[in-house]
Each structure stands twice: as structure tokens, then as C-alpha cells.
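Shown next: model23.cif, given as mmCIF, C-alpha atoms.
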data_data
#
loop_
_atom_site.label_atom_id
_atom_site.label_comp_id
_atom_site.auth_asym_id
_atom_site.auth_seq_id
_atom_site.Cartn_x
_atom_site.Cartn_y
_atom_site.Cartn_z
CA MET A 1 6.37 -1.63 -9.99
CA ASP A 2 5.62 -5.21 -9.27
CA SER A 3 2.39 -6.19 -10.85
CA GLN A 4 1.03 -9.64 -11.09
CA ALA A 5 -1.27 -11.18 -13.60
CA TYR A 6 -3.34 -12.87 -10.93
CA LEU A 7 -4.76 -11.71 -7.66
CA PRO A 8 -3.10 -13.56 -4.80
CA VAL A 9 -5.29 -14.24 -1.79
CA PRO A 10 -3.74 -12.79 1.36
CA PRO A 11 -3.14 -15.05 4.36
CA GLY A 12 -5.85 -15.24 6.99
CA VAL A 13 -3.45 -14.35 9.85
CA GLY A 14 -5.95 -14.98 12.66
CA MET A 15 -7.44 -18.28 13.73
CA GLU A 16 -9.22 -18.66 10.42
CA GLU A 17 -7.19 -19.72 7.42
CA ASN A 18 -7.88 -18.62 3.90
CA PHE A 19 -8.38 -21.71 1.84
CA PHE A 20 -6.85 -20.24 -1.30
CA SER A 21 -3.95 -18.43 0.29
CA LEU A 22 -0.60 -19.92 -0.72
CA ASP A 23 0.95 -18.71 2.51
CA ASP A 24 -1.69 -20.45 4.55
CA ILE A 25 -1.20 -23.68 2.62
CA LEU A 26 2.51 -23.57 3.37
CA LEU A 27 1.72 -22.70 6.96
CA SER A 28 -0.47 -25.79 7.32
CA HIS A 29 2.61 -27.91 6.63
CA GLU A 30 4.49 -26.64 9.66
CA ARG A 31 5.41 -29.54 11.89
CA LEU A 32 4.21 -29.75 15.46
CA SER A 33 5.39 -32.27 17.97
CA CYS A 34 2.43 -34.24 19.22
CA ARG A 35 1.78 -37.09 21.60
CA THR A 36 -0.85 -39.72 20.91
CA GLU A 37 -3.41 -40.05 23.66
CA CYS A 38 -4.82 -43.36 22.50
CA ALA A 39 -3.57 -46.30 20.52
CA PHE A 40 -3.94 -46.25 16.72
CA PRO A 41 -4.40 -49.89 15.74
CA ARG A 42 -2.81 -51.10 12.49
CA LEU A 43 -1.37 -47.74 11.66
CA GLY A 44 2.18 -48.65 12.67
CA PHE A 45 3.32 -48.42 9.04
CA LEU A 46 2.89 -44.67 9.23
CA GLU A 47 5.50 -44.44 11.96
CA LYS A 48 8.80 -45.03 10.23
CA SER A 49 10.85 -45.16 13.43
CA GLY A 50 9.39 -48.42 14.78
CA ASP A 51 8.07 -51.54 13.12
CA THR A 52 5.17 -52.35 15.41
CA ARG A 53 1.73 -53.01 13.99
CA ASP A 54 -0.03 -50.37 16.06
CA ILE A 55 0.90 -46.90 17.14
CA ALA A 56 0.92 -47.15 20.90
CA GLU A 57 -0.61 -44.65 23.25
CA GLY A 58 1.87 -42.02 24.34
CA THR A 59 4.01 -42.13 21.20
CA LYS A 60 5.69 -38.85 20.39
CA MET A 61 5.58 -37.91 16.74
CA GLU A 62 5.73 -34.89 14.53
CA LEU A 63 2.53 -34.09 12.69
CA PRO A 64 1.84 -31.33 10.21
CA LEU A 65 -0.50 -28.62 11.42
CA TRP A 66 -3.38 -29.66 9.17
CA LEU A 67 -3.34 -33.22 10.51
CA ALA A 68 -2.94 -32.17 14.10
CA LYS A 69 -5.88 -29.79 13.72
CA GLY A 70 -7.98 -32.55 12.20
CA LEU A 71 -7.19 -35.09 14.88
CA TYR A 72 -7.44 -32.74 17.79
CA GLU A 73 -10.68 -32.79 19.69
CA ARG A 74 -11.47 -31.23 22.99
CA LYS A 75 -13.79 -33.94 24.27
CA ARG A 76 -12.16 -37.09 22.96
CA ARG A 77 -8.46 -36.82 23.46
CA VAL A 78 -6.77 -38.36 20.43
CA VAL A 79 -3.56 -36.34 20.30
CA SER A 80 -2.12 -33.65 22.47
CA VAL A 81 -0.11 -30.92 20.85
CA GLU A 82 2.97 -29.39 22.34
CA VAL A 83 3.39 -25.64 21.98
CA PRO A 84 6.51 -24.94 19.86
CA LYS A 85 9.27 -23.38 21.87
CA VAL A 86 9.07 -19.98 20.16
CA TYR A 87 5.72 -19.46 21.82
CA ARG A 88 6.74 -20.73 25.24
CA GLU A 89 7.56 -18.75 28.33
CA GLY A 90 11.30 -18.48 27.64
CA TRP A 91 10.95 -16.99 24.18
CA ARG A 92 8.01 -14.85 25.22
CA THR A 93 10.32 -13.15 27.68
CA VAL A 94 12.78 -12.48 24.86
CA PHE A 95 10.01 -11.02 22.72
CA SER A 96 8.76 -8.80 25.49
CA ALA A 97 12.30 -7.55 26.17
CA ASP A 98 13.03 -6.46 22.60
CA PRO A 99 11.01 -7.86 19.71
CA THR A 100 13.17 -6.19 17.08
CA VAL A 101 16.30 -8.27 17.68
CA VAL A 102 14.67 -11.62 16.94
CA ASP A 103 15.12 -13.20 13.53
CA LEU A 104 11.52 -14.19 12.83
CA GLN A 105 12.42 -15.65 9.46
CA LYS A 106 14.49 -18.26 11.25
CA MET A 107 11.98 -18.76 14.05
CA GLY A 108 9.00 -18.96 11.76
CA PRO A 109 8.80 -18.08 9.04
CA TYR A 110 5.10 -18.03 9.87
CA TYR A 111 5.50 -16.76 13.38
CA TYR A 112 2.21 -14.87 13.57
CA GLY A 113 0.24 -17.35 11.49
CA LEU A 114 1.37 -20.42 13.38
CA GLY A 115 0.99 -18.65 16.71
CA SER A 116 -2.61 -17.83 15.91
CA GLN A 117 -3.22 -21.38 14.77
CA MET A 118 -1.85 -22.70 18.05
CA LEU A 119 -4.83 -21.11 19.76
CA HIS A 120 -6.94 -23.91 18.31
CA PHE A 121 -5.32 -26.27 20.77
CA ASP A 122 -6.31 -25.92 24.40
CA SER A 123 -3.51 -24.70 26.58
CA PRO A 124 -3.37 -22.59 29.71
CA GLU A 125 -0.77 -20.43 27.98
CA ASN A 126 -3.07 -19.40 25.13
CA PRO A 127 -3.96 -15.89 26.37
CA ASP A 128 -0.28 -15.16 26.95
CA VAL A 129 0.64 -16.44 23.50
CA ALA A 130 -2.00 -14.24 21.86
CA GLN A 131 -0.87 -11.24 23.85
CA SER A 132 2.75 -11.88 23.01
CA LEU A 133 1.95 -12.13 19.26
CA LEU A 134 0.20 -8.79 19.33
CA GLN A 135 2.93 -7.08 21.34
CA THR A 136 5.63 -8.47 19.07
CA PHE A 137 3.83 -7.15 16.02
CA ILE A 138 3.43 -3.72 17.57
CA GLY A 139 7.02 -3.66 18.74
CA ARG A 140 8.37 -4.51 15.32
CA PHE A 141 5.98 -2.29 13.40
CA ARG A 142 8.10 0.85 13.47
CA ARG A 143 11.11 -0.92 12.00
CA THR A 144 9.12 -2.53 9.23
CA MET A 145 7.49 0.77 8.37
CA ASP A 146 10.65 2.85 8.39
CA SER A 147 12.67 0.42 6.36
CA SER A 148 9.93 -0.09 3.79
CA GLN A 149 9.25 3.61 3.32
CA ASN A 150 12.85 4.73 3.15
CA ALA A 151 14.54 2.10 1.04
CA TYR A 152 14.15 3.48 -2.43
CA ASN A 153 16.07 1.93 -5.27
CA GLU A 154 18.32 -0.18 -3.14
CA ASP A 155 18.85 -3.79 -2.28
CA THR A 156 16.20 -4.69 0.28
CA SER A 157 17.28 -8.27 0.92
CA VAL A 158 19.13 -7.29 4.10
CA LEU A 159 16.11 -5.37 5.36
CA VAL A 160 13.63 -8.18 4.89
CA GLU A 161 16.02 -10.93 5.97
CA ARG A 162 14.78 -11.06 9.53
CA LEU A 163 11.12 -10.39 8.84
CA ASP A 164 8.30 -12.85 9.21
CA CYS A 165 6.29 -13.67 6.07
CA LEU A 166 3.47 -11.41 7.21
CA GLU A 167 5.87 -8.53 7.76
CA ARG A 168 7.40 -9.14 4.36
CA ALA A 169 4.00 -8.69 2.78
CA LEU A 170 3.63 -5.43 4.69
CA PHE A 171 7.09 -4.39 3.60
CA ARG A 172 6.11 -4.97 -0.01
CA SER A 173 2.97 -2.89 0.28
CA GLY A 174 4.97 -0.09 1.87
CA GLN A 175 7.45 -0.29 -0.97
CA SER A 176 4.74 -0.17 -3.59
CA GLY A 177 3.44 3.06 -2.09
CA LEU A 178 6.91 4.58 -2.02
CA ASN A 179 7.81 3.43 -5.51
CA GLY A 180 4.54 4.67 -6.92
CA PHE A 181 5.11 8.10 -5.47
CA GLN A 182 8.75 8.28 -6.51
CA SER A 183 8.07 7.27 -10.06
CA TRP A 184 5.33 9.88 -10.24
CA GLU A 185 7.64 12.53 -8.86
CA LYS A 186 10.31 11.67 -11.36
CA GLY A 187 7.75 11.90 -14.13
CA ARG A 188 7.91 8.26 -14.98
CA ALA A 189 4.26 7.69 -14.16
CA SER A 190 3.09 9.53 -17.25
CA HIS A 191 4.72 7.03 -19.56
CA LEU A 192 2.38 4.39 -20.74
CA THR A 193 3.43 0.83 -20.10
CA ALA A 194 2.00 -2.40 -21.35
CA SER A 195 0.15 -4.56 -18.89
CA THR A 196 2.00 -7.65 -17.72
CA LEU A 197 -1.00 -9.63 -18.89
CA VAL A 198 -0.27 -8.54 -22.42
CA LEU A 199 3.47 -9.07 -22.08
CA ASN A 200 3.04 -12.60 -20.79
CA TYR A 201 0.37 -13.48 -23.30
CA ARG A 202 1.44 -16.11 -25.72
CA LYS A 203 -0.66 -16.76 -28.70
CA ARG A 204 -1.36 -20.42 -29.14
CA LYS A 205 0.56 -21.80 -32.05
CA MET A 206 -1.14 -24.11 -34.53
CA ALA A 207 1.52 -26.73 -33.82
CA ASP A 208 0.63 -26.85 -30.12
CA THR A 209 -3.03 -27.52 -30.66
CA GLN A 210 -2.61 -30.35 -33.13
CA PRO A 211 -2.10 -33.79 -31.63
CA MET B 212 8.39 14.80 -22.52
CA PRO B 213 4.77 14.89 -23.60
CA ILE B 214 2.34 15.40 -20.77
CA VAL B 215 -0.61 13.08 -20.55
CA HIS B 216 -3.57 15.33 -20.88
CA ASN B 217 -6.44 14.17 -18.86
CA GLY B 218 -8.70 16.88 -20.00
CA ALA B 219 -8.00 16.16 -23.62
CA VAL B 220 -11.28 14.41 -24.27
CA THR B 221 -13.45 17.21 -22.96
CA SER B 222 -11.73 19.85 -24.97
CA CYS B 223 -11.81 17.80 -28.15
CA VAL B 224 -15.51 17.23 -27.84
CA PHE B 225 -16.22 20.86 -27.31
CA PHE B 226 -14.17 22.19 -30.16
CA ALA B 227 -15.45 19.64 -32.58
CA VAL B 228 -18.98 20.77 -31.80
CA SER B 229 -18.56 24.49 -31.60
CA GLY B 230 -16.53 24.87 -34.79
CA ASN B 231 -14.76 27.89 -33.44
CA SER B 232 -11.92 29.83 -34.92
CA TYR B 233 -9.74 27.20 -33.38
CA SER B 234 -10.46 24.21 -35.55
CA ALA B 235 -10.93 20.87 -33.95
CA GLY B 236 -7.87 19.64 -35.78
CA THR B 237 -5.39 21.85 -34.00
CA PHE B 238 -6.70 20.78 -30.64
CA ILE B 239 -6.70 17.10 -31.33
CA SER B 240 -3.26 17.10 -32.83
CA SER B 241 -1.80 19.05 -29.97
CA THR B 242 -3.25 17.02 -27.16
CA VAL B 243 -0.83 14.21 -26.65
CA GLY B 244 -1.47 10.93 -24.94
CA VAL B 245 -4.43 9.04 -23.63
CA PRO B 246 -6.47 9.75 -20.50
CA ALA B 247 -4.63 8.47 -17.46
CA LEU B 248 -7.33 5.93 -16.71
CA THR B 249 -6.33 3.47 -19.39
CA HIS B 250 -2.88 2.91 -18.08
CA SER B 251 -3.66 2.89 -14.41
CA PHE B 252 -6.14 0.15 -15.09
CA CYS B 253 -3.27 -2.13 -15.95
CA LYS B 254 -1.57 -1.33 -12.71
CA GLN B 255 -4.09 -2.51 -10.17
CA ASN B 256 -1.96 -5.06 -8.43
CA ASN B 257 -3.20 -5.44 -4.91
CA PRO B 258 -6.59 -7.06 -4.55
CA ALA B 259 -6.95 -6.47 -0.83
CA VAL B 260 -6.68 -2.71 -1.11
CA GLN B 261 -7.45 -1.12 -4.43
CA THR B 262 -4.94 1.65 -4.33
CA MET B 263 -5.02 4.85 -6.22
CA ASP B 264 -2.12 5.56 -8.47
CA PRO B 265 -0.27 8.85 -7.90
CA SER B 266 -1.11 9.76 -11.48
CA GLU B 267 -4.78 9.45 -10.65
CA VAL B 268 -4.31 11.87 -7.78
CA GLU B 269 -2.58 14.16 -10.22
CA PHE B 270 -5.57 13.79 -12.51
CA LEU B 271 -7.82 15.10 -9.75
CA ALA B 272 -5.40 17.93 -9.08
CA GLU B 273 -5.67 19.06 -12.67
CA LYS B 274 -9.22 20.19 -11.99
CA GLU B 275 -7.94 22.94 -9.69
CA MET B 276 -8.34 26.44 -11.03
CA VAL B 277 -5.37 28.58 -11.91
CA LYS B 278 -5.11 32.08 -13.31
CA ILE B 279 -3.68 32.55 -16.77
CA ILE B 280 -3.05 35.51 -19.00
CA PRO B 281 -3.92 34.46 -22.53
CA ASN B 282 -2.43 36.04 -25.65
CA PHE B 283 -5.36 35.20 -27.91
CA SER B 284 -9.02 36.04 -27.90
CA LEU B 285 -11.83 33.57 -27.76
CA ASP B 286 -15.47 33.70 -26.72
CA LYS B 287 -16.75 32.00 -23.63
CA ILE B 288 -16.47 28.22 -23.99
CA TYR B 289 -19.02 25.83 -22.57
CA LEU B 290 -17.65 22.61 -21.15
CA ILE B 291 -19.30 19.86 -19.14
CA GLY B 292 -17.37 20.95 -16.07
CA GLY B 293 -18.44 24.58 -16.39
CA ASP B 294 -18.03 27.65 -18.58
CA LEU B 295 -14.61 29.12 -19.18
CA GLY B 296 -13.56 32.46 -20.53
CA PRO B 297 -14.04 34.68 -22.38
CA PHE B 298 -10.37 34.92 -23.26
CA ASN B 299 -8.93 38.32 -24.07
CA PRO B 300 -5.25 39.02 -24.66
CA GLY B 301 -3.67 40.39 -21.48
CA LEU B 302 -6.73 39.88 -19.28
CA PRO B 303 -6.31 37.29 -16.52
CA VAL B 304 -8.85 34.48 -16.50
CA ASP B 305 -9.40 31.40 -14.32
CA VAL B 306 -9.07 28.03 -16.02
CA PRO B 307 -8.45 24.48 -14.80
CA VAL B 308 -4.84 23.38 -14.65
CA TRP B 309 -5.14 20.91 -17.51
CA LEU B 310 -6.24 23.64 -19.87
CA ALA B 311 -3.67 26.08 -18.56
CA LEU B 312 -0.89 23.59 -19.22
CA ASN B 313 -2.23 22.78 -22.65
CA LEU B 314 -2.36 26.43 -23.62
CA LYS B 315 1.04 27.01 -22.07
CA GLN B 316 2.60 24.18 -24.04
CA ARG B 317 1.36 25.79 -27.22
CA GLN B 318 2.55 29.18 -25.98
CA LYS B 319 -0.93 30.64 -25.95
CA CYS B 320 -0.77 31.97 -22.42
CA ARG B 321 1.27 32.90 -19.40
CA ILE B 322 0.45 31.17 -16.13
CA VAL B 323 0.08 33.31 -13.02
CA PRO B 324 1.37 31.18 -10.13
CA PRO B 325 -1.11 30.66 -7.28
CA GLU B 326 -0.78 33.08 -4.38
CA TRP B 327 0.81 30.57 -2.05
CA MET B 328 3.51 29.61 -4.54
CA ASP B 329 5.82 32.21 -3.17
CA VAL B 330 9.12 31.78 -1.35
CA GLU B 331 8.23 33.85 1.69
CA LYS B 332 4.82 32.26 2.22
CA LEU B 333 6.20 28.78 1.80
CA GLU B 334 9.02 29.48 4.24
CA GLU B 335 6.43 30.57 6.77
CA ILE B 336 4.47 27.39 6.22
CA ARG B 337 7.60 25.30 6.53
CA GLU B 338 8.54 26.86 9.85
CA LEU B 339 5.03 26.41 11.18
CA GLU B 340 4.98 22.82 10.00
CA ARG B 341 8.25 22.11 11.80
CA LYS B 342 7.11 23.80 14.99
CA GLU B 343 3.69 22.22 15.34
CA ASP B 344 3.16 18.62 16.38
CA ALA B 345 -0.07 18.26 14.48
CA PHE B 346 -0.51 18.75 10.76
CA THR B 347 -0.90 22.39 9.82
CA PRO B 348 -3.34 23.45 7.11
CA VAL B 349 -1.73 23.41 3.68
CA PRO B 350 -2.26 26.24 1.19
CA SER B 351 -3.89 23.95 -1.34
CA PRO B 352 -5.23 20.40 -1.05
CA TYR B 353 -3.08 19.58 -4.06
CA TYR B 354 0.03 21.57 -3.19
CA MET B 355 2.44 18.81 -4.14
CA GLU B 356 0.81 17.96 -7.45
CA LEU B 357 0.33 21.57 -8.48
CA THR B 358 3.92 22.44 -7.65
CA LYS B 359 5.15 19.59 -9.76
CA LEU B 360 2.84 20.28 -12.69
CA LEU B 361 3.36 24.02 -12.78
CA LEU B 362 7.09 23.92 -12.16
CA ASN B 363 7.68 21.25 -14.76
CA HIS B 364 5.70 22.93 -17.49
CA ALA B 365 5.71 26.62 -16.70
CA SER B 366 8.84 27.25 -14.67
CA ASP B 367 9.58 30.34 -16.77
CA ASN B 368 6.41 31.99 -15.42
CA ILE B 369 7.21 31.29 -11.78
CA PRO B 370 9.86 33.36 -10.04
CA LYS B 371 12.44 31.44 -7.99
CA ALA B 372 11.18 28.10 -9.24
CA ASP B 373 14.04 26.11 -7.78
CA GLU B 374 13.62 27.56 -4.32
CA ILE B 375 9.92 26.82 -4.40
CA ARG B 376 10.60 23.26 -5.43
CA THR B 377 12.98 22.76 -2.50
CA LEU B 378 10.61 24.41 -0.04
CA VAL B 379 7.64 22.33 -1.07
CA LYS B 380 9.74 19.20 -0.90
CA ASP B 381 10.82 20.22 2.61
CA ILE B 382 7.24 20.71 3.68
CA TRP B 383 6.33 17.36 2.17
CA ASP B 384 9.17 15.58 3.95
CA THR B 385 8.28 17.13 7.29
CA ARG B 386 4.69 16.09 6.90
CA ILE B 387 5.53 12.56 5.84
CA ALA B 388 7.82 12.17 8.84
CA LYS B 389 4.97 13.36 11.05
CA LEU B 390 2.60 10.96 9.37
CA ARG B 391 4.95 8.09 10.06
CA LEU B 392 5.36 9.12 13.66
CA SER B 393 1.64 9.31 14.22
CA ALA B 394 1.08 5.99 12.45
CA ASP B 395 3.55 4.40 14.81
CA SER B 396 1.94 5.83 17.92
CA PHE B 397 -1.45 4.87 16.51
CA ILE B 398 -0.30 1.27 16.27
CA SER B 399 1.63 1.11 19.52
CA GLN B 400 -1.22 2.56 21.55
CA GLN B 401 -3.66 0.27 19.76
CA GLU B 402 -6.02 3.09 19.00
CA ALA B 403 -9.24 2.35 17.19
CA HIS B 404 -9.67 5.56 15.23
CA ALA B 405 -7.72 8.62 14.22
CA LYS B 406 -8.56 11.98 12.79
CA LEU B 407 -6.60 12.90 9.70
CA ASP B 408 -7.14 16.62 9.61
CA ASN B 409 -5.29 18.66 7.03
CA LEU B 410 -3.81 15.67 5.27
CA THR B 411 -3.82 15.83 1.51
CA LEU B 412 -4.88 13.08 -0.82
CA MET B 413 -1.36 12.46 -2.10
CA GLU B 414 -0.03 12.06 1.43
CA ILE B 415 -2.75 9.63 2.38
CA ASN B 416 -2.23 7.80 -0.85
CA THR B 417 1.47 7.04 -0.31
CA THR B 418 0.86 5.37 3.02
CA ARG B 419 -2.59 3.94 2.50
CA THR B 420 -1.76 0.35 1.49
CA PHE B 421 0.81 -0.09 4.17
CA LEU B 422 -1.26 1.37 6.95
CA LEU B 423 -4.43 -0.49 6.04
CA ASP B 424 -2.61 -3.80 5.71
CA SER B 425 -0.95 -3.35 9.07
CA LEU B 426 -4.17 -2.35 10.76
CA ASN B 427 -5.81 -5.42 9.29
CA CYS B 428 -3.09 -7.64 10.70
CA MET B 429 -3.29 -5.95 14.04
CA TYR B 430 -7.05 -6.34 14.15
CA LYS B 431 -6.76 -10.04 13.49
CA LEU B 432 -4.02 -10.55 16.04
CA ARG B 433 -6.08 -8.62 18.52
CA SER B 434 -9.20 -10.65 17.91
CA ASN B 435 -7.09 -13.67 18.86
CA LEU B 436 -7.21 -12.32 22.39
CA GLN B 437 -10.90 -13.06 22.65
CA PRO B 438 -11.27 -16.60 21.32
CA GLY B 439 -14.50 -17.23 19.49
CA SER B 440 -15.15 -13.59 18.78
CA ASN B 441 -14.09 -13.71 15.14
CA LYS B 442 -15.86 -16.90 14.17
CA GLY B 443 -17.67 -16.58 10.88
CA LYS B 444 -16.14 -13.24 10.13
CA ALA B 445 -13.51 -14.60 7.78
CA LEU B 446 -13.58 -13.24 4.27
CA ASP B 447 -15.02 -15.41 1.55
CA TYR B 448 -12.85 -16.04 -1.45
#

Show me this structure written as C-alpha cells.
Amino acid sequence: MDSQAYLPVPPGVGMEENFFSLDDILLSHERLSCRTECAFPRLGFLEKSGDTRDIAEGTKMELPLWLAKGLYERKRRVVSVEVPKVYREGWRTVFSADPTVVDLQKMGPYYYGLGSQMLHFDSPENPDVAQSLLQTFIGRFRRTMDSSQNAYNEDTSVLVERLDCLERALFRSGQSGLNGFQSWEKGRASHLTASTLVLNYRKRKMADTQP
Amino acid sequence: MPIVHNGAVTSCVFFAVSGNSYSAGTFISSTVGVPALTHSFCKQNNPAVQTMDPSEVEFLAEKEMVKIIPNFSLDKIYLIGGDLGPFNPGLPVDVPVWLALNLKQRQKCRIVPPEWMDVEKLEEIRELERKEDAFTPVPSPYYMELTKLLLNHASDNIPKADEIRTLVKDIWDTRIAKLRLSADSFISQQEAHAKLDNLTLMEINTTRTFLLDSLNCMYKLRSNLQPGSNKGKALDY
């Protein structure tokens, strides 16, 4: 059984992020292609591709999600954000045809998280994107469930290869249920085991504390 | 393999106090292990859903009553959970499973298998379970746990133990497959609530984390559909 010495904070999944979630921190570094809607004077040094003093209006650049979210305002247009192509019409058609064939690890790996975050930026496609995220999740649910509840004591790397990070977390929780039951059935649950906290505990040595 | 005896503490306390013909010493020395709680405490690994360990479910199952035929005599004993006995050689008496197993391990009794633990009855249940779409009522809310406990520790008292084991496992597998099927249709139809009639604790327990986590995800993805509806509802960490 996988047990951890700390309690990881789960990702927020929806439009809200969890500040302490490692997944959400990684998600906030996803790059989005943006277009500046006004000139940024004296900030040309940030743009490595040109050596002008200012960033001109209409420059295309890639910004991480956290920066794009910070700069984006509905009233005062500073940047406009382009919807990544996984969430656009073409890919949405693919997802609605058969969500199970898509390799979300390659497309994402934060397909659901990033998709929900995209709803922060105004776009006429937003309702369709949200609908497509939900339908994709539902469509892929059966596969995630079956593979996580049937794979006992075998290599799961092939099974999780194409799963999004969110689905991987689900896969793990399914596995923990299965493993718990199997180890009980085999009579392994009645053996006492030491907590990982105790196993990982290192007593401070005198030598370490002295300067 | 020593069985972890959850009831050990209760029985120790009683016998130490009553000073019966069975001295406290024999009971304490024969009860092996520590109550299950101590070790499952170390295993809580998922903060979002505090799951129950299968051994904790087994712990609850050990409170079920089972008939035994003792080969010793003892007056009525008074425990916190209720009075047991009196025990007379050859006279059947109802005791909780933990005590039955303890006595059985020390060869102080013979366990009478529960009524439903019978090949013909279980075959009937299996057929019904396969025929029906919904979950059929099970003979005992702890059928899986009791089968395992009794068959592992008292298989010599249960006729056709192997067949019973296979039958119960068949019933379990059928029900789990059904559970998975209904979970899938629950998700794909985006239902808001479901009735889990006739499901046992162990069955719910194996799928709980997964189902709750998925429903959580689905809820959040669904609240994306109405922007602004989930503002301020985020969990605080």
C-alpha cells in the first residue's frame, strides 16, 4: 500500500485552484500563446526574440498561465489569450467522437485543469469547452475505473500511460481500494506494519547539530 | 498465523475482574496481537477521503453473533457489549465471532456455521444474483467477512468448506461487477443521487475512494458549465 508521510493537497480541478496543490502549481506553468493588446514600454528586455526597447502592441508571445491570468482583464484589454488547440473545435469533434482513443498525457497532461482554467478568459467557445471537458471525463470514466479495479499485482504503466493527471489520481485511488481488499483477503492485513513515518524517521546525530 | 483479536481487550478486562475458574493469565497469554485500530491508524493515507481499512470492516463483522457448542462449563459472563452464556458442554450458545474464534483456537468449542453458510442456499443466492439486475438481499450484512473468518479458522466445523468459499467468491464477483456497471451508468447519466440498497459495508468500502473522487471531479467539471456558480465554494487548506 502506498502511504505517504504527508497529506498532499488535491488539485482544485474547477476554475478555482488550490494554492497548496503541487499539481495546480505545475498547471500554472502551462504556456499559453497570447497577444498583447497594448504596448508595454521599456519591457523589451523580457522579449528575447527582438531587441526593441518596448514590447509593441500586437506582439505574439507565450506566457505562463499564472501571468496570463494576472494580466488579463475584461474591461482593460492588456493581453488576449488564444485557446490552445486541444480545446478548439477540431479537437472537440475528436473528443466527442471517441474520448477513449486520445492520449491525454500527451495533450495535457493537465487537460481538465487547464481547460477549466481557460474559462477565466472570455471566449465565445467557453460553454462548448466546458461541455466537452465534462463529456470527455464521462466518456473515459469506464476505462479508468475498469483498469484501476482489475489490475492487481501487475505493471500499470501501460494502463496509465494515456491518462490525464486527474485520471491518474483517480486510478491510484481505485488501486488503493483494490489492493486494500486483496491484501485483506489474502490475510496480509492482519500483519502489523510500521508506519512510514517511523521508517523514515532519522534521529538527529550529535555531529549534525554542532557547527 | 495468529489472528488479531479485536475483542481481546474486553475479555481480558472481564476475566481479570471476575477471577473465574479461567484465570486472567490464560486469557491474556492466549489472545495474540493488538487491537486492529493501532495499525490502521498508520495507514490513513488519503486526506480527501478518510477511507476505512478492510480490517476495520472485519472488526465490525466480528461483533456478529454465531452459535457455538462449547466443551467446558462456565457461568454467565458479563461484558460491556452484553451478557454471554452460561456455557455448558454440548449445549449450543450464541457468542460474538471474536469470542467464538478465540475459543475455537484454543479448542474449547465447535462452531456451528450460520444457516446461510450452506452449499444449496448459496447456490440459490448466486443464481438469483446473476438473474436480477439490481442487488439482491444478502444472507448477512457481513457475508464476505464471516466466510473468510470462519473458513480460515474453523474450516473443520463447516461441511464443504471449499465449495462455500468458491460460491461466496462468485457471489462477491457478480455483485462487484454489478456495482461497477451501476457506477458507470450513474456517471454517464450524470445522476445526482443513487440508492444503494442491499450493498454491504465491505462492497461499499472497496469502491468508496474511487467513486467519491470521481464524483468530486465530475461535480467540479459540471459547475464549470455555469460560470460564477462555484465562486467562494473552494475548499480552504

Inset, instruction - Please indicate the distance in Å from CA of Asn435 (chain B) to CA of Glu73 (chain A), rounded to one decimal place. - result: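 Distance between the two atoms: 19.5 Å.
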
Inset, instruction - Pick out the closest residue to Thr420 (chain B) from this set: B:Leu378, B:Ala365, B:Met276, B:Met263. Count all atoms listed in the file. - result: B:Met263

Per residue of region 64-182 of chain A within 9 Å of region 8-30 of chain A, which atom pair is closest and at what distance in Å (one decimal), using only C-alpha atoms, listed by chain and increasing number, as a tab-separated table?
residue	atom	partner	partner_atom	distance
A:Pro64	CA	A:His29	CA	5.0
A:Leu65	CA	A:Ser28	CA	5.0
A:Trp66	CA	A:Ser28	CA	5.2
A:Leu67	CA	A:Ser28	CA	8.6
A:Pro109	CA	A:Leu27	CA	8.7
A:Tyr110	CA	A:Leu27	CA	6.5
A:Tyr112	CA	A:Val13	CA	6.8
A:Gly113	CA	A:Val13	CA	5.0
A:Leu114	CA	A:Leu27	CA	6.8
A:Gly115	CA	A:Gly14	CA	8.8
A:Ser116	CA	A:Met15	CA	5.3
A:Gln117	CA	A:Met15	CA	5.3
A:Met118	CA	A:Met15	CA	8.3
A:Leu119	CA	A:Met15	CA	7.2
A:His120	CA	A:Met15	CA	7.3
A:Cys165	CA	A:Asp23	CA	8.2
A:Leu166	CA	A:Val13	CA	8.0
A:Ala169	CA	A:Pro10	CA	8.9

Inset, instruction - Return as a list of chain:residue names the residues belonging to chain A that are within 7 Å of chain B, counting only C-alpha atoms. - result: A:Ser3, A:Gln4, A:Leu7, A:Val13, A:Gly14, A:Met15, A:Glu16, A:Ser116, A:Pro127, A:Ala130, A:Gln131, A:Leu133, A:Leu134, A:Ile138, A:Arg142, A:Leu170, A:Ser173, A:Gly174, A:Gly177, A:Leu178, A:Gly180, A:Phe181, A:Trp184, A:Ala189, A:Ser190, A:Leu192, A:Thr193, A:Ser195

Inset, instruction - Would you list the contacts of Glu62 (chain A) as a PyMOL selection string, taking every protein, DNA or RNA residue within 7 Å and counting only C-alpha atoms, but skipping same-chain residues closer than 3 positions in sequence? - result: chain A and resi 31-34

Legend entry - CA of Leu285 (chain B) to CA of Asn299 (chain B), straight-line distance in Å: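 That distance, rounded to one decimal, is 6.7 Å.
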
Legend entry - Distance in Å - CA of Arg376 (chain B) versus CA of Trp327 (chain B):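 We find that CA of Arg376 (chain B) and CA of Trp327 (chain B) lie 12.7 Å from each other.
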
Inset, instruction - Run through the PyMOL selection byres ((chain B and resi 351) around 12) on the given coordinates and return the selected residues as a PyMOL selection string. - result: chain B and resi 272+275-277+325-328+333+336+347-350+352-358+379+409-413

Inset, instruction - With the file shown as input, list the residues that the PyMOL selection byres ((chain A and resi 151) around 12) selects, as a ChimeraX atom specification. - result: /A:143-150,152-160,171-172,174-179,182

Legend entry - region 81-96 of chain A environment, 9 Å, all atoms listed in the file, sequence neighbours closer than 5 positions dropped, as a ChimeraX atom specification: /A:32-36,68,72,101-102,107-108,111,115,118,121-123,125,128-129,132-133,135-136,139

Inset, instruction - Pull out every residue that the PyMOL selection byres ((chain B and resi 364) around 12) matches in the shown coordinates and put them as a ChimeraX atom specification. - result: /A:187 /B:212-214,308-309,311-318,321-322,324,357-363,365-369,372

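Distances from B:Leu426, B:Ile279, B:Val268, B:Ile288 to Phe137 (chain A) were compared using only C-alpha atoms, and the smallest one belongs to B:Leu426.
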